[in-house]
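entry_29.cif follows (mmCIF, C-alpha atoms):
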data_work
#
loop_
_atom_site.label_atom_id
_atom_site.label_comp_id
_atom_site.auth_asym_id
_atom_site.auth_seq_id
_atom_site.Cartn_x
_atom_site.Cartn_y
_atom_site.Cartn_z
CA MET E 633 108.47 88.42 71.43
CA LYS E 634 109.21 86.35 74.50
CA GLY E 635 109.26 87.84 77.97
CA THR E 636 109.33 86.13 81.34
CA ILE E 637 107.37 87.39 84.34
CA ILE E 638 109.34 86.67 87.49
CA ARG E 639 107.99 86.82 90.99
CA PHE E 640 110.46 87.67 93.73
CA SER E 641 109.18 85.27 96.36
CA GLU E 642 111.09 86.92 99.22
CA LEU E 643 109.24 90.18 98.64
CA PHE E 644 105.83 88.56 98.47
CA SER E 645 106.08 86.41 101.56
CA ASP E 646 103.23 84.40 103.01
CA GLY E 647 100.81 86.57 104.93
CA ILE E 648 101.47 89.72 102.88
CA ASN E 649 97.75 90.49 103.02
CA ASP E 650 97.40 89.82 106.73
CA VAL E 651 96.92 92.79 109.04
CA VAL E 652 100.00 95.04 109.21
CA PHE E 653 100.70 97.86 111.64
CA ARG E 654 101.46 101.53 111.17
CA TYR E 655 103.24 103.01 114.22
CA SER E 656 103.00 106.75 114.83
CA SER E 657 103.00 109.56 117.33
CA PRO E 658 99.67 110.51 118.97
CA ASP E 659 99.40 113.54 116.68
CA VAL E 660 99.90 111.54 113.47
CA PHE E 661 97.50 108.86 114.72
CA TYR E 662 94.83 111.52 115.26
CA LYS E 663 95.37 113.06 111.81
CA THR E 664 95.36 109.69 110.05
CA LEU E 665 91.92 108.72 111.32
CA SER E 666 90.48 112.25 111.31
CA LYS E 667 91.39 112.81 107.66
CA MET E 668 91.20 109.08 106.76
CA SER E 669 94.41 109.38 104.79
CA LEU E 670 98.04 108.26 104.83
CA ARG E 671 101.23 110.03 103.84
CA PHE E 672 103.63 108.43 101.38
CA THR E 673 107.16 109.86 101.56
CA ARG E 674 109.43 110.00 98.52
CA GLY E 675 111.75 107.02 98.69
CA ASP E 676 115.04 108.93 98.56
CA CYS E 677 114.09 111.27 101.42
CA PHE E 678 113.68 108.82 104.31
CA ASN E 679 115.64 109.04 107.53
CA ASP E 680 117.66 106.09 106.21
CA TYR E 681 119.66 108.05 103.61
CA GLU E 682 120.75 104.82 101.91
CA ASP E 683 117.16 103.82 101.19
CA GLY E 684 116.93 102.74 97.54
CA GLU E 685 120.72 102.54 97.11
CA VAL E 686 121.38 98.93 98.15
CA VAL E 687 120.61 97.58 94.66
CA ASN E 688 123.05 100.03 93.06
CA GLU E 689 125.82 98.94 95.42
CA LEU E 690 125.30 95.22 94.77
CA TYR E 691 124.44 95.32 91.07
CA LEU E 692 127.92 95.44 89.51
CA ASP E 693 129.17 92.73 91.88
CA CYS E 694 126.29 90.51 90.77
CA LEU E 695 127.05 91.18 87.09
CA SER E 696 130.71 90.29 87.61
CA GLU E 697 129.86 87.08 89.42
CA LEU E 698 127.40 86.04 86.69
CA ILE E 699 129.91 86.51 83.87
CA GLN E 700 132.52 84.58 85.85
CA GLU E 701 129.99 81.79 86.33
CA GLY E 702 129.18 81.79 82.59
CA GLU E 703 125.54 82.79 83.15
CA ILE E 704 125.77 85.84 80.84
CA ASP E 705 128.04 86.73 77.92
CA LYS E 706 130.47 89.64 77.54
CA ASP E 707 128.27 91.76 75.24
CA PHE E 708 125.33 91.60 77.62
CA PHE E 709 127.64 92.30 80.57
CA VAL E 710 129.04 95.47 78.97
CA ALA E 711 125.59 96.77 78.03
CA ALA E 712 124.00 95.85 81.37
CA ALA E 713 126.82 97.51 83.31
CA MET E 714 125.68 100.86 81.87
CA THR E 715 122.05 100.35 82.88
CA GLU E 716 120.68 102.88 85.38
CA VAL E 717 117.94 102.06 87.86
CA LYS E 718 114.88 104.08 86.84
CA HIS E 719 111.26 103.79 87.91
CA LEU E 720 109.25 103.49 84.71
CA VAL E 721 105.61 102.56 84.06
CA TRP E 722 104.00 101.49 80.81
CA LEU E 723 100.80 103.29 79.88
CA VAL E 724 98.73 101.53 77.24
CA GLY E 725 96.51 103.76 75.12
CA GLU E 726 94.16 102.95 72.28
CA ASP E 727 96.90 102.86 69.65
CA ILE E 728 100.23 103.00 71.44
CA ALA E 729 102.03 102.08 74.65
CA THR E 730 104.31 104.70 76.18
CA GLN E 731 106.71 104.55 79.09
CA ILE E 732 106.79 107.33 81.68
CA GLU E 733 109.32 107.99 84.43
CA CYS E 734 108.14 108.01 88.04
CA LYS E 735 109.39 108.58 91.56
CA PRO E 736 108.54 106.03 94.28
CA PHE E 737 106.56 107.31 97.26
CA ILE E 738 106.44 104.84 100.14
CA CYS E 739 104.30 104.14 103.20
CA CYS E 740 105.82 101.77 105.76
CA PHE E 741 104.16 99.21 108.02
CA SER E 742 105.37 96.44 110.31
CA LYS E 743 104.40 92.81 110.72
CA GLU E 744 104.89 93.29 114.48
CA LYS E 745 101.80 94.24 116.47
CA ASP E 746 103.53 95.28 119.68
CA SER E 747 107.25 95.88 119.16
CA LEU E 748 109.39 97.72 121.70
CA GLN E 749 111.79 98.80 118.95
CA MET E 750 108.98 100.20 116.81
CA TRP E 751 107.39 102.09 119.70
CA GLN E 752 110.75 103.63 120.49
CA TYR E 753 111.60 104.50 116.89
CA TYR E 754 108.31 105.89 115.63
CA SER E 755 106.78 107.37 118.77
CA LYS E 756 108.01 110.90 119.41
CA GLY E 757 109.84 112.19 122.45
CA GLY E 758 111.54 108.89 123.37
CA ASN E 759 108.77 108.05 125.85
CA PHE E 760 107.04 105.17 124.03
CA GLU E 761 104.00 107.41 123.67
CA GLY E 762 102.13 106.50 120.53
CA TYR E 763 99.62 104.35 118.72
CA ASN E 764 99.61 101.90 115.89
CA ILE E 765 96.80 101.19 113.46
CA GLY E 766 96.28 97.73 112.04
CA PHE E 767 95.45 97.81 108.33
CA ARG E 768 94.32 95.14 105.90
CA LEU E 769 96.52 96.03 102.91
CA ASN E 770 94.34 94.50 100.23
CA LYS E 771 91.59 96.98 101.17
CA LEU E 772 93.78 100.02 101.75
CA LEU E 773 93.79 102.04 98.50
CA ASN E 774 91.84 102.50 95.31
CA VAL E 775 94.63 103.10 92.81
CA ASN E 776 95.53 101.84 89.33
CA SER E 777 97.46 98.66 90.16
CA SER E 778 100.10 99.44 87.50
CA PHE E 779 101.37 102.18 89.81
CA VAL E 780 101.31 100.21 93.07
CA GLU E 781 103.79 97.70 94.46
CA MET E 782 103.48 95.96 97.78
CA GLY E 783 105.94 93.66 99.51
CA ALA E 784 108.10 92.70 102.45
CA VAL E 785 111.47 94.40 102.94
CA VAL E 786 114.48 92.09 102.48
CA TYR E 787 117.43 92.66 104.84
CA ASP E 788 119.67 89.67 104.09
CA GLU E 789 122.44 90.55 101.59
CA GLU E 790 122.69 87.02 100.21
CA ILE E 791 118.97 86.99 99.43
CA GLN E 792 119.28 90.47 97.92
CA LYS E 793 122.09 89.33 95.62
CA ARG E 794 120.16 86.22 94.65
CA SER E 795 117.19 88.35 93.61
CA ILE E 796 119.38 90.74 91.59
CA LYS E 797 121.07 87.81 89.84
CA LEU E 798 117.68 86.32 89.03
CA ALA E 799 116.60 89.62 87.44
CA ILE E 800 119.79 89.79 85.36
CA SER E 801 119.89 86.17 84.25
CA THR E 802 116.19 86.15 83.35
CA SER E 803 116.63 89.23 81.15
CA PHE E 804 119.65 87.64 79.49
CA LYS E 805 117.81 84.40 78.74
CA ASP E 806 114.83 86.31 77.33
CA TYR E 807 117.21 88.32 75.16
CA GLN E 808 118.85 85.13 73.84
CA GLU E 809 115.45 83.61 73.09
CA ASN E 810 114.30 86.71 71.23
CA VAL E 811 117.50 86.74 69.16
CA ARG E 812 116.76 83.14 68.22
CA LEU E 813 113.21 84.10 67.24
CA LYS E 814 114.60 86.95 65.14
CA GLU E 815 116.84 84.52 63.29
CA THR E 816 113.77 82.45 62.41
CA GLN E 817 112.08 85.66 61.22
CA GLN E 818 109.44 85.56 63.95
CA ILE E 819 110.55 88.99 65.24
CA ALA E 820 111.18 92.05 63.05
CA MET E 821 113.22 94.06 65.57
CA SER E 822 116.98 94.40 65.15
CA GLN E 823 119.34 92.76 67.60
CA GLU E 824 120.24 96.17 69.01
CA GLN E 825 116.56 96.95 69.57
CA LEU E 826 116.05 93.61 71.27
CA LEU E 827 118.94 94.29 73.61
CA GLU E 828 117.68 97.78 74.44
CA TYR E 829 114.21 96.42 75.10
CA GLU E 830 115.50 93.73 77.47
CA LEU E 831 117.72 96.20 79.31
CA GLY E 832 114.58 98.29 79.84
CA VAL E 833 112.87 95.27 81.39
CA LEU E 834 115.93 94.68 83.57
CA ARG E 835 115.87 98.33 84.65
CA SER E 836 112.26 97.95 85.79
CA ARG E 837 113.05 94.79 87.75
CA LEU E 838 115.96 96.46 89.51
CA ALA E 839 113.79 99.50 90.31
CA LYS E 840 111.22 97.23 91.95
CA LEU E 841 113.90 95.59 94.09
CA SER E 842 115.42 98.93 95.08
CA CYS E 843 112.27 99.87 97.02
CA PHE E 844 112.39 96.72 99.17
CA PHE E 845 116.09 96.25 100.06
CA LYS E 846 117.50 97.64 103.31
CA ARG E 847 120.55 97.08 105.52
CA PRO E 848 120.47 94.24 108.07
CA CYS E 849 120.60 96.78 110.92
CA PHE E 850 116.95 97.61 110.20
CA SER E 851 115.75 94.00 110.27
CA GLY E 852 113.96 94.40 113.61
CA GLU E 853 111.35 96.55 111.88
CA LYS E 854 109.99 93.55 109.91
CA GLU E 855 108.74 96.07 107.43
CA ILE E 856 106.02 95.79 104.81
CA ARG E 857 105.85 98.55 102.22
CA VAL E 858 103.28 100.00 99.87
CA VAL E 859 104.97 101.87 97.01
CA ILE E 860 103.13 104.34 94.79
CA LYS E 861 104.98 105.26 91.60
CA VAL E 862 104.11 108.90 90.94
CA PRO E 863 104.77 110.20 87.40
CA ILE E 864 107.29 113.02 87.30
CA GLU E 865 105.17 114.93 84.78
CA GLU E 866 102.04 116.22 86.46
CA LYS E 867 99.90 115.75 83.34
CA SER E 868 100.47 111.99 83.57
CA ARG E 869 99.42 111.62 87.20
CA ASP E 870 95.71 111.20 86.61
CA SER E 871 96.51 107.82 85.00
CA ALA E 872 97.48 106.48 88.41
CA TRP E 873 94.03 107.20 89.80
CA SER E 874 91.88 106.43 86.78
CA GLY E 875 88.61 104.92 87.90
CA SER E 876 89.12 105.92 91.54
CA LYS E 877 86.07 107.43 93.20
CA ASP E 878 88.21 108.68 96.09
CA GLN E 879 90.59 110.84 94.03
CA GLU E 880 88.87 113.80 92.35
CA LYS E 881 92.03 115.38 90.89
CA ASN E 882 95.63 114.57 90.07
CA VAL E 883 97.74 113.73 93.07
CA GLN E 884 99.67 116.72 94.39
CA ILE E 885 103.21 116.46 95.69
CA GLU E 886 103.43 118.38 98.97
CA TYR E 887 106.45 119.30 101.07
CA ARG E 888 107.20 119.45 104.77
CA ILE E 889 110.26 120.64 106.67
CA GLN E 890 112.01 118.32 109.10
CA GLN E 891 115.21 119.48 110.78
CA ALA E 892 115.83 122.01 107.97
CA LEU E 893 115.40 119.34 105.26
CA MET E 894 112.56 119.55 102.73
CA ILE E 895 110.69 116.23 102.46
CA PRO E 896 108.34 115.55 99.49
CA TYR E 897 105.22 113.49 100.19
CA ILE E 898 101.78 112.70 98.84
CA GLU E 899 98.67 112.17 100.90
CA LEU E 900 96.15 109.57 99.75
CA PRO E 901 92.67 108.73 101.02
CA ILE E 902 92.31 105.30 102.58
CA ASN E 903 89.36 102.95 102.73
CA PRO E 904 87.88 103.04 106.26
CA ARG E 905 87.10 99.33 105.88
CA SER E 906 90.84 98.62 105.80
CA VAL E 907 91.24 99.63 109.48
CA GLU E 908 91.16 96.48 111.62
CA CYS E 909 92.40 97.52 115.08
CA VAL E 910 94.25 100.11 117.14
CA THR E 911 96.97 99.44 119.71
CA ILE E 912 97.86 102.03 122.35
CA GLY E 913 101.58 102.40 123.13
CA PRO E 914 103.22 101.31 126.41
CA ILE E 915 103.33 104.64 128.27
CA THR E 916 100.02 105.86 126.85
CA SER E 917 98.25 102.78 128.18
CA SER E 918 100.14 102.47 131.47
CA LYS E 919 97.99 102.23 134.58
CA ASN E 920 100.85 103.76 136.55
CA ILE E 921 100.17 107.20 135.12
CA ALA E 922 96.42 107.12 135.65
CA LEU E 923 95.47 106.90 131.98
CA GLU E 924 93.16 103.91 132.28
CA LYS E 925 90.38 106.03 130.83
CA ASN E 926 92.37 106.67 127.65
CA ALA E 927 91.35 103.35 126.07
CA ASP E 928 87.68 104.26 126.45
CA VAL E 929 88.24 107.67 124.87
CA VAL E 930 90.28 106.21 122.02
CA ASN E 931 87.55 103.65 121.41
CA GLU E 932 84.98 106.44 121.27
CA PHE E 933 87.16 108.46 118.84
CA VAL E 934 87.84 105.49 116.53
CA THR E 935 84.22 104.35 116.46
CA GLY E 936 83.11 107.87 115.61
CA ARG E 937 85.56 108.15 112.71
CA LEU E 938 84.95 104.68 111.26
CA GLY E 939 81.25 104.40 111.97
CA ARG E 940 81.83 100.96 113.45
CA SER E 941 83.53 99.34 116.42
CA ILE E 942 86.98 97.72 116.13
CA PRO E 943 89.31 96.26 118.78
CA VAL E 944 91.21 98.94 120.73
CA LEU E 945 94.04 97.23 122.56
CA SER E 946 96.79 98.23 124.97
CA SER E 947 100.46 97.35 124.61
CA SER E 948 101.55 94.45 126.77
CA ILE E 949 105.09 95.84 127.13
CA PRO E 950 105.71 96.67 130.83
CA VAL E 951 107.45 100.05 130.43
CA ARG E 952 106.97 102.66 133.16
CA PHE E 953 108.81 105.65 131.61
#
Have the structure of the file written as structure tokens, please.
Amino acid sequence: MKGTIIRFSELFSDGINDVVFRYSSPDVFYKTLSKMSLRFTRGDCFNDYEDGEVVNELYLDCLSELIQEGEIDKDFFVAAAMTEVKHLVWLVGEDIATQIECKPFICCFSKEKDSLQMWQYYSKGGNFEGYNIGFRLNKLLNVNSSFVEMGAVVYDEEIQKRSIKLAISTSFKDYQENVRLKETQQIAMSQEQLLEYELGVLRSRLAKLSCFFKRPCFSGEKEIRVVIKVPIEEKSRDSAWSGSKDQEKNVQIEYRIQQALMIPYIELPINPRSVECVTIGPITSSKNIALEKNADVVNEFVTGRLGRSIPVLSSSIPVRF
């Protein structure tokens, strides 16, 4: 059976494995390096309540445009219009492959090393007090790669629609090719089974895109994301960490309360070798408030936690308060 692997080039932009930056409050910075772990928040519980919904809003429009352009036929259009976005992962055993449903848990980073907007948004109290940690993503986690996705967030609606159309048209062409192979008796599956299979592939492609599409108003974040797909059934979760020396038991979904809302998250150990640098936020590093010594103390703290010295920098943004 024919299947096409497509790579969404906008998500995997050049420099995806360069150093990226995790902005946080002083308290979260301290906990991250003290525990050597990062929190991944469930994708539908972010402050941006539309997170993950952009694909759903654009999908039917893209289908309609493709049928008008003659890129798909009516039967595929009708079937695809009923397709829900679900996060599914294939698990291959000794004798059989099974598909399990997951929820995406996401950790967010920025390409920007010293961004006024990011200091303001992620530092608490509105005083630009905070830190960011520079991570090398390709060293960050030790997790079964089938459960991990990494990419740049796309904010441009035209690029988003182009990616959705590519996912749809590729699935349609693969379906047509498999029907042709069936007619030459190279495939035993029925046409209905072939269609259902290809719609499953399309569903997975749309789910991937849903984690990396956001509104243009967030474009200043220049966000890079690491997505962990956590199986809904707890008994399946050890598959995500098979072979990991850092994870001794199945991942546990924890909960925290923020402004009366319950937020699910997971906490994963990180590789200390992935930490490349620390930047101290504008107010925290300001000479005007007599905190010159802070950089020395932070350097001492970081070196003690990592067992090695890394650059500890101060923001160059001239903010007084």
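Closest approach to Phe708 in chain E from the set E:Thr911, E:Ser851, E:Ser778, E:Ser696 is made by E:Ser696, with distances taken over all atoms listed in the file.
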Self-check item: Selection under test: the PyMOL selection byres ((chain E and resi 656-670) around 7); residues as a PyMOL selection string
Solution: chain E and resi 654-655+671-672+754-756+761-764+899-902+904+937
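Note that the spacing between CA of Gly635 in chain E and CA of Ile800 in chain E amounts to 13.0 Å.
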Quiz prompt | Resolved residues for the PyMOL selection byres ((chain E and resi 930) around 10) as a ChimeraX atom specification | solution = /E:662,910-912,925-929,931-936,944-945
Quiz prompt | E:Gly832, E:Gly702, E:Gly766, E:Gly647 ranked by distance to Met714 in chain E, top pick (using only C-alpha atoms) | solution = E:Gly832
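When the PyMOL selection byres ((chain E and resi 699) around 12) is run on the displayed coordinates, the residues it returns are Leu692, Asp693, Cys694, Leu695, Ser696, Glu697, Leu698, Gln700, Glu701, Gly702, Glu703, Ile704, Asp705, Lys706, Asp707, Phe708, Phe709, Val710, Ala712, Ala713, Lys797, Ile800, Ser801 and Phe804 of chain E.
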Practice problem: Just give me the gap between CA of Ser742 in chain E and CA of Leu772 in chain E in Å, one decimal is fine. | Solution: 14.8 Å
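Coordinates place CA of Ile889 in chain E at a distance of 26.1 Å from CA of Val780 in chain E.
Excluding Ile949 in chain E itself and same-chain residues fewer than 3 positions from it, the residues having an atom within 9 Å of it are Asp746, Ser747, Leu748, Gly913, Pro914 and Ser946 of chain E, counting all atoms listed in the file.
The closest residue to Gly684 in chain E, picked from E:Leu773, E:Ile819, E:Leu798, E:Val717 and counting only C-alpha atoms, is E:Val717.
You can rank E:Ser868, E:Thr715, E:Asn679, E:Gln818 by their closest distance to Glu830 in chain E using only C-alpha atoms, and at the top of that list sits E:Thr715.
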Practice problem: Rank nothing, just name the residue among E:Tyr807, E:Tyr787, E:Trp751, E:Phe737 nearest to Phe844 in chain E, using only C-alpha atoms. | Solution: E:Tyr787
Edge lengths and centre in Å to one decimal, as JSON, of the axis-aligned box that encloses all listed atoms of range 818-824 of chain E with 3 Å added on every side?
{"center_x": 114.8, "center_y": 90.9, "center_z": 66.0, "size_x": 16.8, "size_y": 16.6, "size_z": 12.0}
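With distances restricted to all atoms listed in the file, E:Leu841 is the closest residue to Ser641 in chain E from E:Leu841, E:Cys740, E:Ile765, E:Leu813.
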Complete the atom set of range 940-951 of chain E to all heavy atoms and return it as a compact mmCIF listing (two decimals), in the coordinates of the input.
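Ended up saving to selection-v4.txt:
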# COMPACT_ATOMS: atom_id res chain seq x y z
N ARG E 940 81.96 102.35 113.01
CA ARG E 940 81.83 100.96 113.45
C ARG E 940 82.84 100.72 114.56
O ARG E 940 83.80 101.49 114.74
CB ARG E 940 82.09 99.97 112.30
CG ARG E 940 83.47 100.08 111.70
CD ARG E 940 83.62 99.26 110.44
NE ARG E 940 84.89 99.53 109.77
CZ ARG E 940 86.02 98.87 109.99
NH1 ARG E 940 86.02 97.85 110.86
NH2 ARG E 940 87.12 99.18 109.35
N SER E 941 82.64 99.67 115.30
CA SER E 941 83.53 99.34 116.42
C SER E 941 84.62 98.36 115.96
O SER E 941 84.34 97.42 115.22
CB SER E 941 82.73 98.73 117.56
OG SER E 941 83.58 98.38 118.63
N ILE E 942 85.86 98.63 116.38
CA ILE E 942 86.98 97.72 116.13
C ILE E 942 87.72 97.50 117.44
O ILE E 942 87.55 98.28 118.39
CB ILE E 942 87.94 98.26 115.05
CG1 ILE E 942 88.58 99.58 115.53
CG2 ILE E 942 87.25 98.44 113.71
CD1 ILE E 942 89.72 100.05 114.65
N PRO E 943 88.55 96.46 117.54
CA PRO E 943 89.31 96.26 118.78
C PRO E 943 90.27 97.42 119.05
O PRO E 943 91.02 97.83 118.17
CB PRO E 943 90.08 94.97 118.50
CG PRO E 943 89.30 94.26 117.44
CD PRO E 943 88.71 95.35 116.59
N VAL E 944 90.23 97.95 120.26
CA VAL E 944 91.21 98.94 120.73
C VAL E 944 91.96 98.28 121.88
O VAL E 944 91.39 98.00 122.93
CB VAL E 944 90.53 100.24 121.18
CG1 VAL E 944 91.56 101.19 121.80
CG2 VAL E 944 89.83 100.92 120.00
N LEU E 945 93.24 98.02 121.64
CA LEU E 945 94.04 97.23 122.56
C LEU E 945 95.11 98.09 123.23
O LEU E 945 95.41 99.19 122.78
CB LEU E 945 94.70 96.08 121.79
CG LEU E 945 93.77 95.29 120.86
CD1 LEU E 945 94.58 94.40 119.94
CD2 LEU E 945 92.77 94.49 121.67
N SER E 946 95.69 97.56 124.29
CA SER E 946 96.79 98.23 124.97
C SER E 946 98.05 97.39 124.84
O SER E 946 98.00 96.16 124.85
CB SER E 946 96.47 98.44 126.45
OG SER E 946 95.39 99.32 126.61
N SER E 947 99.19 98.07 124.69
CA SER E 947 100.46 97.35 124.61
C SER E 947 100.68 96.50 125.85
O SER E 947 100.34 96.89 126.97
CB SER E 947 101.61 98.36 124.46
OG SER E 947 102.86 97.72 124.59
N SER E 948 101.26 95.34 125.63
CA SER E 948 101.55 94.45 126.77
C SER E 948 102.97 94.64 127.28
O SER E 948 103.41 93.93 128.19
CB SER E 948 101.37 92.99 126.33
OG SER E 948 102.28 92.67 125.27
N ILE E 949 103.70 95.62 126.73
CA ILE E 949 105.09 95.84 127.13
C ILE E 949 105.12 96.61 128.45
O ILE E 949 104.56 97.71 128.56
CB ILE E 949 105.85 96.61 126.03
CG1 ILE E 949 105.91 95.77 124.75
CG2 ILE E 949 107.26 96.98 126.49
CD1 ILE E 949 106.46 96.51 123.55
N PRO E 950 105.76 96.08 129.49
CA PRO E 950 105.71 96.67 130.83
C PRO E 950 106.75 97.79 131.02
O PRO E 950 107.72 97.65 131.77
CB PRO E 950 106.01 95.49 131.74
CG PRO E 950 106.93 94.63 130.92
CD PRO E 950 106.48 94.78 129.50
N VAL E 951 106.54 98.91 130.33
CA VAL E 951 107.45 100.05 130.43
C VAL E 951 106.79 101.12 131.29
O VAL E 951 105.63 101.49 131.07
CB VAL E 951 107.78 100.61 129.03
CG1 VAL E 951 108.59 101.89 129.15
CG2 VAL E 951 108.54 99.58 128.22
